[in-house]
Amino acid sequence: MVIGDVDGDGDLDLATVSNEIVSVVFNQGDATFAPPMHYSINFTQPGNLYDGYKLDLGDLDHDGDLDMAVGQMALGQVVIMMNNGDGIFGPLLTYPADDFEPVVVDFGDMNGDGTLDLTVFVVNSWQSRLLCVLLNDGTGKLLTDQESHNWWAPPSPYWPNPRQIGFTDIDGDADLDVVVLNQGDPFVPVYLANFAVVRNLGGGVLAQPVHYPISGSYPFSMRVGDLDGDGDEDIVTCGPADYSQATGT
């Protein structure tokens, strides 16, 4: 679930994805919500239980309203839903994920040009799990030319189960770096729960991920912020019966 003012009336609305349906629930301004509006993101395989997985809101085309990105696992693509300005989403745009399944999507300005880019985590097996940045051309279109506008982080063997992406300037160079929360697999010793820091080398080009183990196997939430007031960004994760805090240095 994500929260944002989708219809531009000053109230926070809700958007969720479940299976192949994206639902937008408008806040009526009096602490009540209107009936949800539903959008299908599955064009050829209705009923797939693992279609929509994660979504995010952001003003992709810089027109003042919130658009939406959804990772569509079943067809291996990212779905972009452009907001018409009143909270109604127009035709869906799709971007292929090159035979991968996008499991986490998040908006952030990765190349510092003032427009939101899309960071996507994609998988197709335990051995093929990759972090990718799709740059915005400035008009809301994502560039998929892999030679010049589609940046992949170097591969890492320690991506067990990515759950969440966060952004912050970890190294103080004025670029957004990426933090990825990973759930572990208690049956595979090498797949420990961890968070990974992926530095932005400039322009959205990603460095080798650096992984930090955390307690428990199934962390489900992460926040980044300066917890101790020293000017560095710290990271907090939580899950069933565990809690971890990493302090920046």
# chains A, B, ... in the order shown; residues from 1 in each chain; ligands from 1

$ closest_atom_pairs --of "stretch 85-119 of chain A" --to "stretch 67-74 of chain A" --cutoff "9 Å" --atoms "only C-alpha atoms" --output "Markdown table"
| residue | atom | partner | partner_atom | distance |
| --- | --- | --- | --- | --- |
| A:Gly87 | CA | A:Asp67 | CA | 8.8 |
| A:Phe89 | CA | A:Asp67 | CA | 7.8 |
| A:Phe100 | CA | A:Met73 | CA | 8.0 |
| A:Glu101 | CA | A:Met73 | CA | 4.6 |
| A:Pro102 | CA | A:Gly71 | CA | 5.0 |
| A:Val103 | CA | A:Gly71 | CA | 5.7 |
| A:Val104 | CA | A:Gly71 | CA | 6.4 |
| A:Val105 | CA | A:Gly71 | CA | 6.2 |
| A:Asp106 | CA | A:Ala69 | CA | 7.7 |
| A:Phe107 | CA | A:Ala69 | CA | 8.2 |
| A:Leu118 | CA | A:Ala69 | CA | 8.3 |

$ atom_distance --atom1 "atom CA of A:Ser221" --atom2 "atom CA of A:Phe121"
16.2 Å

$ closest_residue --among "A:Tyr95, A:Tyr218, A:Phe33, A:Tyr39" --to "A:Pro186" --atoms "only C-alpha atoms"
A:Tyr218

$ select_by_dssp --residues "stretch 101-145 of chain A" --states "strand (DSSP E)" --output "count of residues only"
21

$ residues_around --residues "A:Lys141" --least-positions-apart "3" --cutoff "10 Å" --atoms "only C-alpha atoms" --output "list in words"
Leu60, Asp61, Ile80, Leu93, Tyr95, Asp117, Leu134, Leu135, Asn136, Asp137, Gly138 and Thr144 of chain A

$ write_last_selection --atoms "N, CA and C atoms" --output "PDB file, in the first residue's frame"
ATOM      1  N   LEU A  60       5.847  11.421 -12.376  1.00  0.00           N
ATOM      2  CA  LEU A  60       6.809  10.993 -13.387  1.00  0.00           C
ATOM      3  C   LEU A  60       6.936  11.997 -14.526  1.00  0.00           C
ATOM      4  N   ASP A  61       5.820  12.594 -14.947  1.00  0.00           N
ATOM      5  CA  ASP A  61       5.849  13.509 -16.089  1.00  0.00           C
ATOM      6  C   ASP A  61       5.883  14.973 -15.679  1.00  0.00           C
ATOM      7  N   ILE A  80       3.314   1.452 -15.964  1.00  0.00           N
ATOM      8  CA  ILE A  80       3.213   2.851 -15.565  1.00  0.00           C
ATOM      9  C   ILE A  80       1.784   3.322 -15.812  1.00  0.00           C
ATOM     10  N   LEU A  93       1.023   2.165 -19.576  1.00  0.00           N
ATOM     11  CA  LEU A  93       2.244   2.031 -20.359  1.00  0.00           C
ATOM     12  C   LEU A  93       3.048   0.881 -19.778  1.00  0.00           C
ATOM     13  N   TYR A  95       6.725  -1.481 -19.767  1.00  0.00           N
ATOM     14  CA  TYR A  95       8.150  -1.539 -20.065  1.00  0.00           C
ATOM     15  C   TYR A  95       8.641  -2.943 -19.750  1.00  0.00           C
ATOM     16  N   ASP A 117      13.230   9.137 -11.706  1.00  0.00           N
ATOM     17  CA  ASP A 117      13.570   7.910 -12.417  1.00  0.00           C
ATOM     18  C   ASP A 117      12.948   6.737 -11.655  1.00  0.00           C
ATOM     19  N   LEU A 134      15.960   2.788 -14.386  1.00  0.00           N
ATOM     20  CA  LEU A 134      15.422   3.265 -15.666  1.00  0.00           C
ATOM     21  C   LEU A 134      15.320   4.781 -15.580  1.00  0.00           C
ATOM     22  N   LEU A 135      16.071   5.488 -16.404  1.00  0.00           N
ATOM     23  CA  LEU A 135      16.097   6.941 -16.352  1.00  0.00           C
ATOM     24  C   LEU A 135      14.895   7.540 -17.083  1.00  0.00           C
ATOM     25  N   ASN A 136      14.465   8.694 -16.600  1.00  0.00           N
ATOM     26  CA  ASN A 136      13.355   9.449 -17.178  1.00  0.00           C
ATOM     27  C   ASN A 136      13.916  10.386 -18.243  1.00  0.00           C
ATOM     28  N   ASP A 137      13.247  10.447 -19.404  1.00  0.00           N
ATOM     29  CA  ASP A 137      13.734  11.332 -20.470  1.00  0.00           C
ATOM     30  C   ASP A 137      13.340  12.786 -20.247  1.00  0.00           C
ATOM     31  N   GLY A 138      12.645  13.080 -19.141  1.00  0.00           N
ATOM     32  CA  GLY A 138      12.229  14.442 -18.827  1.00  0.00           C
ATOM     33  C   GLY A 138      10.778  14.712 -19.137  1.00  0.00           C
ATOM     34  N   THR A 144      14.824   2.913 -22.109  1.00  0.00           N
ATOM     35  CA  THR A 144      15.181   1.498 -21.977  1.00  0.00           C
ATOM     36  C   THR A 144      16.376   1.114 -22.837  1.00  0.00           C
TER      37      THR A 144
END

$ closest_atom_pairs --of "stretch 110-207 of chain A" --to "stretch 223-227 of chain A" --cutoff "12 Å" --atoms "only C-alpha atoms" --output "Markdown table"
| residue | atom | partner | partner_atom | distance |
| --- | --- | --- | --- | --- |
| A:Gln164 | CA | A:Arg223 | CA | 9.7 |
| A:Ile165 | CA | A:Arg223 | CA | 9.7 |
| A:Gly166 | CA | A:Val224 | CA | 7.2 |
| A:Phe167 | CA | A:Val224 | CA | 7.9 |
| A:Thr168 | CA | A:Val224 | CA | 7.2 |
| A:Asp169 | CA | A:Val224 | CA | 10.1 |
| A:Ile170 | CA | A:Val224 | CA | 9.8 |
| A:Asp177 | CA | A:Val224 | CA | 11.4 |
| A:Val178 | CA | A:Val224 | CA | 10.6 |
| A:Val179 | CA | A:Val224 | CA | 8.6 |
| A:Val180 | CA | A:Arg223 | CA | 10.6 |
| A:Leu181 | CA | A:Arg223 | CA | 9.7 |
| A:Phe195 | CA | A:Arg223 | CA | 11.1 |
| A:Val197 | CA | A:Val224 | CA | 11.4 |

$ write_last_selection --atoms "N, CA, C and O atoms" --output "PDB file, in the first residue's frame"
ATOM      1  N   GLN A 164      12.137  -4.207  -0.096  1.00  0.00           N
ATOM      2  CA  GLN A 164      11.884  -2.770  -0.048  1.00  0.00           C
ATOM      3  C   GLN A 164      13.110  -2.016  -0.537  1.00  0.00           C
ATOM      4  O   GLN A 164      14.249  -2.442  -0.304  1.00  0.00           O
ATOM      5  N   ILE A 165      12.881  -0.906  -1.210  1.00  0.00           N
ATOM      6  CA  ILE A 165      13.938  -0.010  -1.668  1.00  0.00           C
ATOM      7  C   ILE A 165      13.778   1.323  -0.952  1.00  0.00           C
ATOM      8  O   ILE A 165      12.664   1.832  -0.789  1.00  0.00           O
ATOM      9  N   GLY A 166      14.900   1.880  -0.518  1.00  0.00           N
ATOM     10  CA  GLY A 166      14.915   3.215   0.054  1.00  0.00           C
ATOM     11  C   GLY A 166      16.017   4.042  -0.580  1.00  0.00           C
ATOM     12  O   GLY A 166      16.958   3.491  -1.174  1.00  0.00           O
ATOM     13  N   PHE A 167      15.911   5.361  -0.473  1.00  0.00           N
ATOM     14  CA  PHE A 167      16.900   6.260  -1.058  1.00  0.00           C
ATOM     15  C   PHE A 167      17.421   7.217   0.001  1.00  0.00           C
ATOM     16  O   PHE A 167      16.663   7.733   0.824  1.00  0.00           O
ATOM     17  N   THR A 168      18.697   7.480  -0.038  1.00  0.00           N
ATOM     18  CA  THR A 168      19.310   8.493   0.814  1.00  0.00           C
ATOM     19  C   THR A 168      20.720   8.745   0.302  1.00  0.00           C
ATOM     20  O   THR A 168      21.276   7.925  -0.446  1.00  0.00           O
ATOM     21  N   ASP A 169      21.290   9.860   0.697  1.00  0.00           N
ATOM     22  CA  ASP A 169      22.667  10.169   0.301  1.00  0.00           C
ATOM     23  C   ASP A 169      23.608   9.624   1.371  1.00  0.00           C
ATOM     24  O   ASP A 169      24.005  10.333   2.291  1.00  0.00           O
ATOM     25  N   ILE A 170      23.967   8.359   1.248  1.00  0.00           N
ATOM     26  CA  ILE A 170      24.797   7.684   2.250  1.00  0.00           C
ATOM     27  C   ILE A 170      26.194   8.282   2.334  1.00  0.00           C
ATOM     28  O   ILE A 170      26.763   8.459   3.412  1.00  0.00           O
ATOM     29  N   ASP A 177      21.721   7.502  -3.125  1.00  0.00           N
ATOM     30  CA  ASP A 177      22.148   6.113  -3.114  1.00  0.00           C
ATOM     31  C   ASP A 177      20.938   5.234  -2.803  1.00  0.00           C
ATOM     32  O   ASP A 177      19.873   5.719  -2.403  1.00  0.00           O
ATOM     33  N   VAL A 178      21.091   3.927  -3.000  1.00  0.00           N
ATOM     34  CA  VAL A 178      19.975   2.996  -2.855  1.00  0.00           C
ATOM     35  C   VAL A 178      20.250   2.062  -1.681  1.00  0.00           C
ATOM     36  O   VAL A 178      21.373   1.565  -1.511  1.00  0.00           O
ATOM     37  N   VAL A 179      19.226   1.836  -0.857  1.00  0.00           N
ATOM     38  CA  VAL A 179      19.289   0.849   0.214  1.00  0.00           C
ATOM     39  C   VAL A 179      18.192  -0.174  -0.050  1.00  0.00           C
ATOM     40  O   VAL A 179      17.043   0.190  -0.296  1.00  0.00           O
ATOM     41  N   VAL A 180      18.555  -1.453  -0.038  1.00  0.00           N
ATOM     42  CA  VAL A 180      17.603  -2.528  -0.332  1.00  0.00           C
ATOM     43  C   VAL A 180      17.502  -3.447   0.875  1.00  0.00           C
ATOM     44  O   VAL A 180      18.516  -3.930   1.390  1.00  0.00           O
ATOM     45  N   LEU A 181      16.279  -3.680   1.340  1.00  0.00           N
ATOM     46  CA  LEU A 181      16.023  -4.628   2.429  1.00  0.00           C
ATOM     47  C   LEU A 181      15.767  -6.006   1.844  1.00  0.00           C
ATOM     48  O   LEU A 181      14.942  -6.169   0.943  1.00  0.00           O
ATOM     49  N   PHE A 195      20.517  -5.843   4.747  1.00  0.00           N
ATOM     50  CA  PHE A 195      20.229  -4.698   3.898  1.00  0.00           C
ATOM     51  C   PHE A 195      21.486  -4.409   3.098  1.00  0.00           C
ATOM     52  O   PHE A 195      22.612  -4.642   3.547  1.00  0.00           O
ATOM     53  N   VAL A 197      23.622  -1.606   0.712  1.00  0.00           N
ATOM     54  CA  VAL A 197      23.841  -0.226   0.317  1.00  0.00           C
ATOM     55  C   VAL A 197      24.486  -0.230  -1.067  1.00  0.00           C
ATOM     56  O   VAL A 197      25.523  -0.872  -1.278  1.00  0.00           O
TER      57      VAL A 197
END

$ atom_distance --atom1 "atom CA of A:Gln77" --atom2 "atom CA of A:Ala97"
4.8 Å

$ closest_residue --among "A:Asn200, A:Asn19, A:Asn194, A:Asn182" --to "A:Ser215" --atoms "only C-alpha atoms"
A:Asn194

$ closest_residue --among "A:His62, A:Asp232, A:Ala34, A:Val6" --to "A:Gly140" --atoms "only C-alpha atoms"
A:His62
